[in-house]
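Remarks on the structure that follows.
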Amino acid sequence: MENYFIKIFGDNIITLILIPAVLLIFIAVFALFGVYAERKVSAFMQDRIGPNRTGKWGLLQTLMDVVKLLQKEFVAPEKADKLLYNAAPFIVFVAAFLGYAVIPFSSMFIGVDLNLGVFYFFAITSLGVIGMLMAGWASNNKYSLYGAMRSVAQIISYEIPTALSALSVIMLAGSLQMQTIVFAQNGGIHNWFILGGPGGFAKIILIPFMIASALILFISTLAESNRTPFDIVEADSELVAGIHIEYSGMKYAMFFMAEYGQMFAVSAIVTILFFGGWQSPFGDLIPFLNYPVFQVIWFLAKGLFFVFVQIWLRWTLPRVRVDQLMTMCWKFLIPITLFNLFVIGLYVVL
Amino acid sequence: MKTYFKHIYQAVSTILIGMSITFRHLFQKSVTIQYPEQRLQLPERERNRIFVNIDDCIGCEQCARACPVSCITIETIKAAPGDVVGKTGLTSEGKKKALFVPKFEIDFAKCCFCQLCVYPCPTNCIYMTDVFEYSEFERASLIYEFTDMTPEQIIEKKQKADEMAQEALRKKELAAKEAAAKKAAVNKENPDKQNKE
């Protein structure tokens with residue numbers, strides 16, 4: 001569980017700067033790739049071709065979009081609260097970025113292996129709410145305010161099913177530490193938590209509950225990162241852009257990067273908790289696939305698969321209404337997660 | 001209680017059905033037409049830029065009158081008898097042309113592509129083509145001139161027409177004078193006849 005960079009460079013200031021730099025570069029590259037993938041996948045699903053003129057197959061499209069956004073003027077509303085207005089996008093981005101500190105990309109690379117890794121992650125993603133509220137209020141625009149109010153309601157209510165469904169895994173693994181949870185899924189696909197976790201054959205009765213937990217975790221984290229069908233915050237066709245309305249240029253790009261960063265972080269959490277993180281599904285059968293390099297590849301592959309599922313859901317489902325959103329959270333997801341928790345708790349105790 | 005589970009089942013199953021449809025579409029061929037390498041096949045009676053076959057135009061100005069936005073401007077000069085209008089002096093159907101058309105302008109910035117100018121033309125010389133990619137940078141370049149008379153020709157024909165008009169006027173005056181003189185002579189010669197009548 002040592003960090004690879006610490007092994008190379010020693011435990012000094014250089015590694016302390018290098019590790020977040022690598023993560024930042026990863027978020028930037030992923031945002032570039034994520035936007036491109038979303039446009040292409042959505043295009044193919046809608047029987048059209050996505051961007052294919054800039055660069056071969058349109059690969060340079062996002063880069064060109066960033067260049068375009070960079071040279072835009074910062075148009076700010078006159079009555080906007082200057083401090084809050086300017087700080088909001090950065091707070092949202094920082095909240096998304098800080099969550100990456102506890103995500104293990106392989107057995108030898110994790111930002112910081114906190115004892116409370118999972119708890120820290122869920123706490124940090126709710127920091128983004130403050131940023132959104134600031135953005136909505138400081139824009140001095142009643143539509144942004146609507147978006148911000150809805151976002152607060154949505155993110156805060158969906159914290160509960162997130163935490164509760166993650167709890168079922170934590171109970172089985174016995175620890176909140178990220179690497180411990182991944183190490184507990186050692187040995188191949190039958191040990192992954194979605195199929196019951198490590199243990200004897202008795203775990204088969206757990207499988208439906210674990211699948212339900214995984215599904216609910218996926219849905220509620222989808223709501224956390226404001227993706228369709230829960231994107232009433234952005235609501236491209238309702239509030240124009242919700243809290244993003246009054247932002248232009250680089251600040252808008254910050255919101256965007258934060259959203260895509262959170263998309264990957266959330267997929268990463270789902271894979272870590274339920275699908276084995278960076279473990280290869282072949283376990284010890286093919287030992288060379290267990291090397292740290294391959295672990296990164298496995299992790300990225302699983303994470304990107306869930307990002308693809310998120311994109312897929314976005315272009316399949318219509319948006320839910322605010323009251324339907326609340327109903328779903330409080331009347332459906334929470335009772336089911338509580339019941340799951342009860343059953344898994346019984347299993348652990350007995 | 002039962003409806004609760006029914007709702008959950010319905011939600012999950014319908015979402016999965018929707019997802020399978022989008023997934024299927026992921027692998028279907030796209031229907032995009034890559035302009036400008038590929039062009040859409042326009043229908044036969046497409047109404048785009050107008051073309052005027054000036055050899056057939058007899059200068060009747062029916063199209064200019066029919067146009068609802070007055071984008072066609074036509075000027076005509078009367079041809080002297082014996083003068084050949086255009087190359088052969090005849091339309092493509094063999095009718096003799098009697099008017100020169102020194103100005104036949106269509107302003108495509110105004111044209112609304114309604115095709116009302118096509119129907120009244122007696123020789124079918126004006127019709128709509130399927131050309132739609134003719135955008136210009138200046139509005140003045142959208143005024144198309146269809147005549148094929150050179151400026152010298154125009155001046156020459158105009159002069160001829162003026163001369164003819166003047167001659168006609170003179171002849172008329174002469175004829176009027178003669179008629180008046182004849183009438184006076186007749187009155188003088190037969191005053192009784194006139195009184196009786």
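Residues are named by chain letter and number: chains run A, B, ... in the order of the structure tokens, numbers start at 1 in each chain, and ligands are numbered from 1 in the order shown.
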Compute the chain B side of the contact with chain A at 7 Å, counting only C-alpha atoms, and hand it back as an MDAnalysis selection string. chainID B and resid 18:19 22:23 25:26 28:32
Going by DSSP on the backbone, which residues of chain B come out as helix (DSSP H, G or I)? List them as an NGL selection string. :B and (2-26 or 62-66 or 139-142 or 151-189 or 191-196)
Now that the selection is made, can you save its residues with C-alpha atoms as an mmCIF file, in the first residue's frame?
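That gives us selection.cif:
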data_model
loop_
_atom_site.group_PDB
_atom_site.id
_atom_site.type_symbol
_atom_site.label_atom_id
_atom_site.label_comp_id
_atom_site.auth_asym_id
_atom_site.auth_seq_id
_atom_site.Cartn_x
_atom_site.Cartn_y
_atom_site.Cartn_z
ATOM 1 C CA LYS B 2 -48.564 -4.321 -3.864
ATOM 2 C CA THR B 3 -48.624 -1.166 -5.991
ATOM 3 C CA TYR B 4 -45.378 -0.104 -4.346
ATOM 4 C CA PHE B 5 -43.543 -3.114 -5.689
ATOM 5 C CA LYS B 6 -45.395 -2.880 -8.968
ATOM 6 C CA HIS B 7 -44.113 0.668 -9.342
ATOM 7 C CA ILE B 8 -40.568 -0.406 -8.659
ATOM 8 C CA TYR B 9 -40.804 -3.276 -11.109
ATOM 9 C CA GLN B 10 -42.334 -1.058 -13.783
ATOM 10 C CA ALA B 11 -39.697 1.614 -13.314
ATOM 11 C CA VAL B 12 -36.794 -0.766 -13.603
ATOM 12 C CA SER B 13 -38.199 -2.771 -16.504
ATOM 13 C CA THR B 14 -39.145 0.232 -18.597
ATOM 14 C CA ILE B 15 -35.774 1.832 -18.025
ATOM 15 C CA LEU B 16 -34.081 -1.360 -19.177
ATOM 16 C CA ILE B 17 -36.262 -1.511 -22.281
ATOM 17 C CA GLY B 18 -35.347 2.085 -23.100
ATOM 18 C CA MET B 19 -31.698 1.412 -22.574
ATOM 19 C CA SER B 20 -31.791 -1.580 -24.888
ATOM 20 C CA ILE B 21 -33.317 0.556 -27.637
ATOM 21 C CA THR B 22 -30.629 3.198 -27.375
ATOM 22 C CA PHE B 23 -27.980 0.525 -27.252
ATOM 23 C CA ARG B 24 -29.311 -0.982 -30.457
ATOM 24 C CA HIS B 25 -29.183 2.397 -32.107
ATOM 25 C CA LEU B 26 -25.582 2.718 -31.098
ATOM 26 C CA GLN B 62 -45.856 39.757 -67.507
ATOM 27 C CA CYS B 63 -43.334 38.306 -65.074
ATOM 28 C CA ALA B 64 -42.479 41.742 -63.695
ATOM 29 C CA ARG B 65 -46.145 42.448 -63.122
ATOM 30 C CA ALA B 66 -46.769 39.090 -61.493
ATOM 31 C CA ARG B 139 -25.979 42.751 -51.513
ATOM 32 C CA ALA B 140 -25.291 44.526 -54.813
ATOM 33 C CA SER B 141 -23.782 41.374 -56.288
ATOM 34 C CA LEU B 142 -27.110 39.625 -55.904
ATOM 35 C CA PRO B 151 -24.094 49.301 -74.094
ATOM 36 C CA GLU B 152 -23.286 50.484 -77.606
ATOM 37 C CA GLN B 153 -26.070 48.395 -79.012
ATOM 38 C CA ILE B 154 -28.444 49.833 -76.444
ATOM 39 C CA ILE B 155 -27.524 53.376 -77.360
ATOM 40 C CA GLU B 156 -27.834 52.580 -81.025
ATOM 41 C CA LYS B 157 -31.246 50.976 -80.675
ATOM 42 C CA LYS B 158 -32.467 53.764 -78.474
ATOM 43 C CA GLN B 159 -31.413 56.346 -81.011
ATOM 44 C CA LYS B 160 -33.167 54.445 -83.743
ATOM 45 C CA ALA B 161 -36.276 54.169 -81.637
ATOM 46 C CA ASP B 162 -36.168 57.901 -80.884
ATOM 47 C CA GLU B 163 -35.759 58.704 -84.572
ATOM 48 C CA MET B 164 -38.612 56.435 -85.430
ATOM 49 C CA ALA B 165 -40.775 58.026 -82.807
ATOM 50 C CA GLN B 166 -39.954 61.488 -84.063
ATOM 51 C CA GLU B 167 -40.651 60.495 -87.636
ATOM 52 C CA ALA B 168 -43.892 58.953 -86.640
ATOM 53 C CA LEU B 169 -44.791 62.139 -84.828
ATOM 54 C CA ARG B 170 -43.895 64.236 -87.869
ATOM 55 C CA LYS B 171 -45.898 62.023 -90.155
ATOM 56 C CA LYS B 172 -48.812 62.255 -87.845
ATOM 57 C CA GLU B 173 -48.621 66.029 -87.808
ATOM 58 C CA LEU B 174 -48.301 66.083 -91.589
ATOM 59 C CA ALA B 175 -51.231 63.794 -91.993
ATOM 60 C CA ALA B 176 -53.261 65.856 -89.570
ATOM 61 C CA LYS B 177 -52.383 69.033 -91.498
ATOM 62 C CA GLU B 178 -53.259 67.454 -94.812
ATOM 63 C CA ALA B 179 -56.502 66.152 -93.462
ATOM 64 C CA ALA B 180 -57.356 69.566 -92.089
ATOM 65 C CA ALA B 181 -56.411 71.234 -95.405
ATOM 66 C CA LYS B 182 -58.444 68.708 -97.393
ATOM 67 C CA LYS B 183 -61.417 69.263 -95.239
ATOM 68 C CA ALA B 184 -61.125 73.039 -95.671
ATOM 69 C CA ALA B 185 -60.823 72.640 -99.441
ATOM 70 C CA VAL B 186 -63.858 70.405 -99.572
ATOM 71 C CA ASN B 187 -65.845 72.845 -97.474
ATOM 72 C CA LYS B 188 -64.841 75.713 -99.769
ATOM 73 C CA GLU B 189 -65.741 73.858 -102.940
ATOM 74 C CA PRO B 191 -70.604 75.131 -99.398
ATOM 75 C CA ASP B 192 -74.167 74.209 -100.361
ATOM 76 C CA LYS B 193 -73.617 70.527 -99.924
ATOM 77 C CA GLN B 194 -72.253 71.131 -96.478
ATOM 78 C CA ASN B 195 -75.187 73.347 -95.490
ATOM 79 C CA LYS B 196 -77.681 70.864 -96.661
#
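Across the model, the gap from CA of Ile311 (chain A) to CA of Ser106 (chain A) is 24.9 Å.
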Select, from B:Val85, B:Ala98, B:Ile54, B:Leu40, the residue with the minimum atom-to-atom distance to Tyr127 (chain B), counting only C-alpha atoms. B:Ile54
Residue neighbourhood Leu42 (chain B), 12 Å, only C-alpha atoms, exclusion window fewer than 2 positions, as a ChimeraX atom specification: /B:39-40,44-48,129-132
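Considering only C-alpha atoms, the residue among A:Phe308, A:Phe109, A:Tyr85, A:Phe256 positioned nearest to Val66 (chain A) is A:Phe256.
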Residues near Phe74 (chain A), anyone? I mean within 8 Å using only C-alpha atoms, not counting same-chain ones fewer than 5 positions away, as a short mmCIF file (atom, residue, chain, number, x, y, z; two decimals) with N, CA and C atoms, in the first residue's frame.
data_model
loop_
_atom_site.label_atom_id
_atom_site.label_comp_id
_atom_site.auth_asym_id
_atom_site.auth_seq_id
_atom_site.Cartn_x
_atom_site.Cartn_y
_atom_site.Cartn_z
N TYR A 247 -22.43 32.58 -16.32
CA TYR A 247 -20.99 32.37 -16.40
C TYR A 247 -20.57 32.20 -17.83
N SER A 248 -19.37 32.74 -18.14
CA SER A 248 -18.89 32.62 -19.51
C SER A 248 -17.43 32.26 -19.47
N GLY A 249 -16.92 31.74 -20.58
CA GLY A 249 -15.49 31.51 -20.68
C GLY A 249 -14.96 30.50 -19.69
#
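Atom pair CA of Val349 (chain A) / CA of Ile194 (chain A) has a distance of 19.2 Å (rounded to one decimal).
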With a distance cut-off of 8 Å and only C-alpha atoms, select the neighbouring residues of region 99-104 of chain B, excluding the residue or stretch itself and same-chain residues fewer than 6 positions from it, and output the selection as an mmCIF file with N, CA and C atoms, in the first residue's frame.
data_model
loop_
_atom_site.group_PDB
_atom_site.id
_atom_site.type_symbol
_atom_site.label_atom_id
_atom_site.label_comp_id
_atom_site.auth_asym_id
_atom_site.auth_seq_id
_atom_site.Cartn_x
_atom_site.Cartn_y
_atom_site.Cartn_z
ATOM 1 N N CYS B 57 -37.099 35.773 -74.718
ATOM 2 C CA CYS B 57 -37.915 36.777 -74.055
ATOM 3 C C CYS B 57 -38.457 37.763 -75.087
ATOM 4 N N ILE B 58 -39.788 37.987 -75.068
ATOM 5 C CA ILE B 58 -40.379 38.918 -76.014
ATOM 6 C C ILE B 58 -40.669 40.262 -75.378
ATOM 7 N N GLY B 59 -40.260 40.463 -74.134
ATOM 8 C CA GLY B 59 -40.409 41.760 -73.497
ATOM 9 C C GLY B 59 -41.837 42.122 -73.147
ATOM 10 N N ILE B 72 -38.254 42.024 -60.287
ATOM 11 C CA ILE B 72 -37.858 41.998 -61.702
ATOM 12 C C ILE B 72 -38.049 43.399 -62.267
ATOM 13 N N THR B 73 -36.978 43.896 -62.901
ATOM 14 C CA THR B 73 -37.061 45.214 -63.560
ATOM 15 C C THR B 73 -36.781 45.009 -65.038
ATOM 16 N N ILE B 74 -37.710 45.465 -65.876
ATOM 17 C CA ILE B 74 -37.566 45.254 -67.322
ATOM 18 C C ILE B 74 -37.733 46.591 -68.037
ATOM 19 N N GLU B 75 -36.840 46.813 -69.011
ATOM 20 C CA GLU B 75 -37.025 47.960 -69.904
ATOM 21 C C GLU B 75 -37.032 47.444 -71.330
ATOM 22 N N THR B 76 -37.858 48.044 -72.162
ATOM 23 C CA THR B 76 -37.919 47.566 -73.546
ATOM 24 C C THR B 76 -37.766 48.742 -74.522
ATOM 25 N N ILE B 77 -37.237 48.432 -75.695
ATOM 26 C CA ILE B 77 -37.123 49.439 -76.765
ATOM 27 C C ILE B 77 -37.816 48.866 -77.998
ATOM 28 N N LYS B 78 -38.639 49.718 -78.623
ATOM 29 C CA LYS B 78 -39.344 49.244 -79.797
ATOM 30 C C LYS B 78 -38.366 49.033 -80.938
ATOM 31 N N ALA B 79 -38.504 47.917 -81.648
ATOM 32 C CA ALA B 79 -37.586 47.633 -82.759
ATOM 33 C C ALA B 79 -38.121 48.275 -84.035
ATOM 34 N N VAL B 85 -34.196 41.426 -83.993
ATOM 35 C CA VAL B 85 -34.069 41.432 -82.532
ATOM 36 C C VAL B 85 -33.348 40.159 -82.122
ATOM 37 N N GLY B 86 -32.226 40.290 -81.433
ATOM 38 C CA GLY B 86 -31.489 39.103 -81.020
ATOM 39 C C GLY B 86 -30.779 38.497 -82.204
ATOM 40 N N GLU B 145 -28.181 40.387 -63.988
ATOM 41 C CA GLU B 145 -28.572 41.039 -65.238
ATOM 42 C C GLU B 145 -28.604 39.977 -66.321
ATOM 43 N N PHE B 146 -29.748 39.874 -66.991
ATOM 44 C CA PHE B 146 -29.897 38.772 -67.947
ATOM 45 C C PHE B 146 -29.789 39.198 -69.406
ATOM 46 N N THR B 147 -29.722 40.511 -69.645
ATOM 47 C CA THR B 147 -29.718 40.921 -71.043
ATOM 48 C C THR B 147 -28.373 40.626 -71.693
ATOM 49 N N ASP B 148 -28.384 40.489 -73.026
ATOM 50 C CA ASP B 148 -27.113 40.258 -73.691
ATOM 51 C C ASP B 148 -26.801 41.353 -74.694
ATOM 52 N N MET B 149 -27.394 42.527 -74.521
ATOM 53 C CA MET B 149 -27.096 43.649 -75.399
ATOM 54 C C MET B 149 -25.944 44.452 -74.820
ATOM 55 N N ILE B 154 -27.287 49.217 -77.093
ATOM 56 C CA ILE B 154 -28.444 49.833 -76.444
ATOM 57 C C ILE B 154 -28.593 51.270 -76.915
#
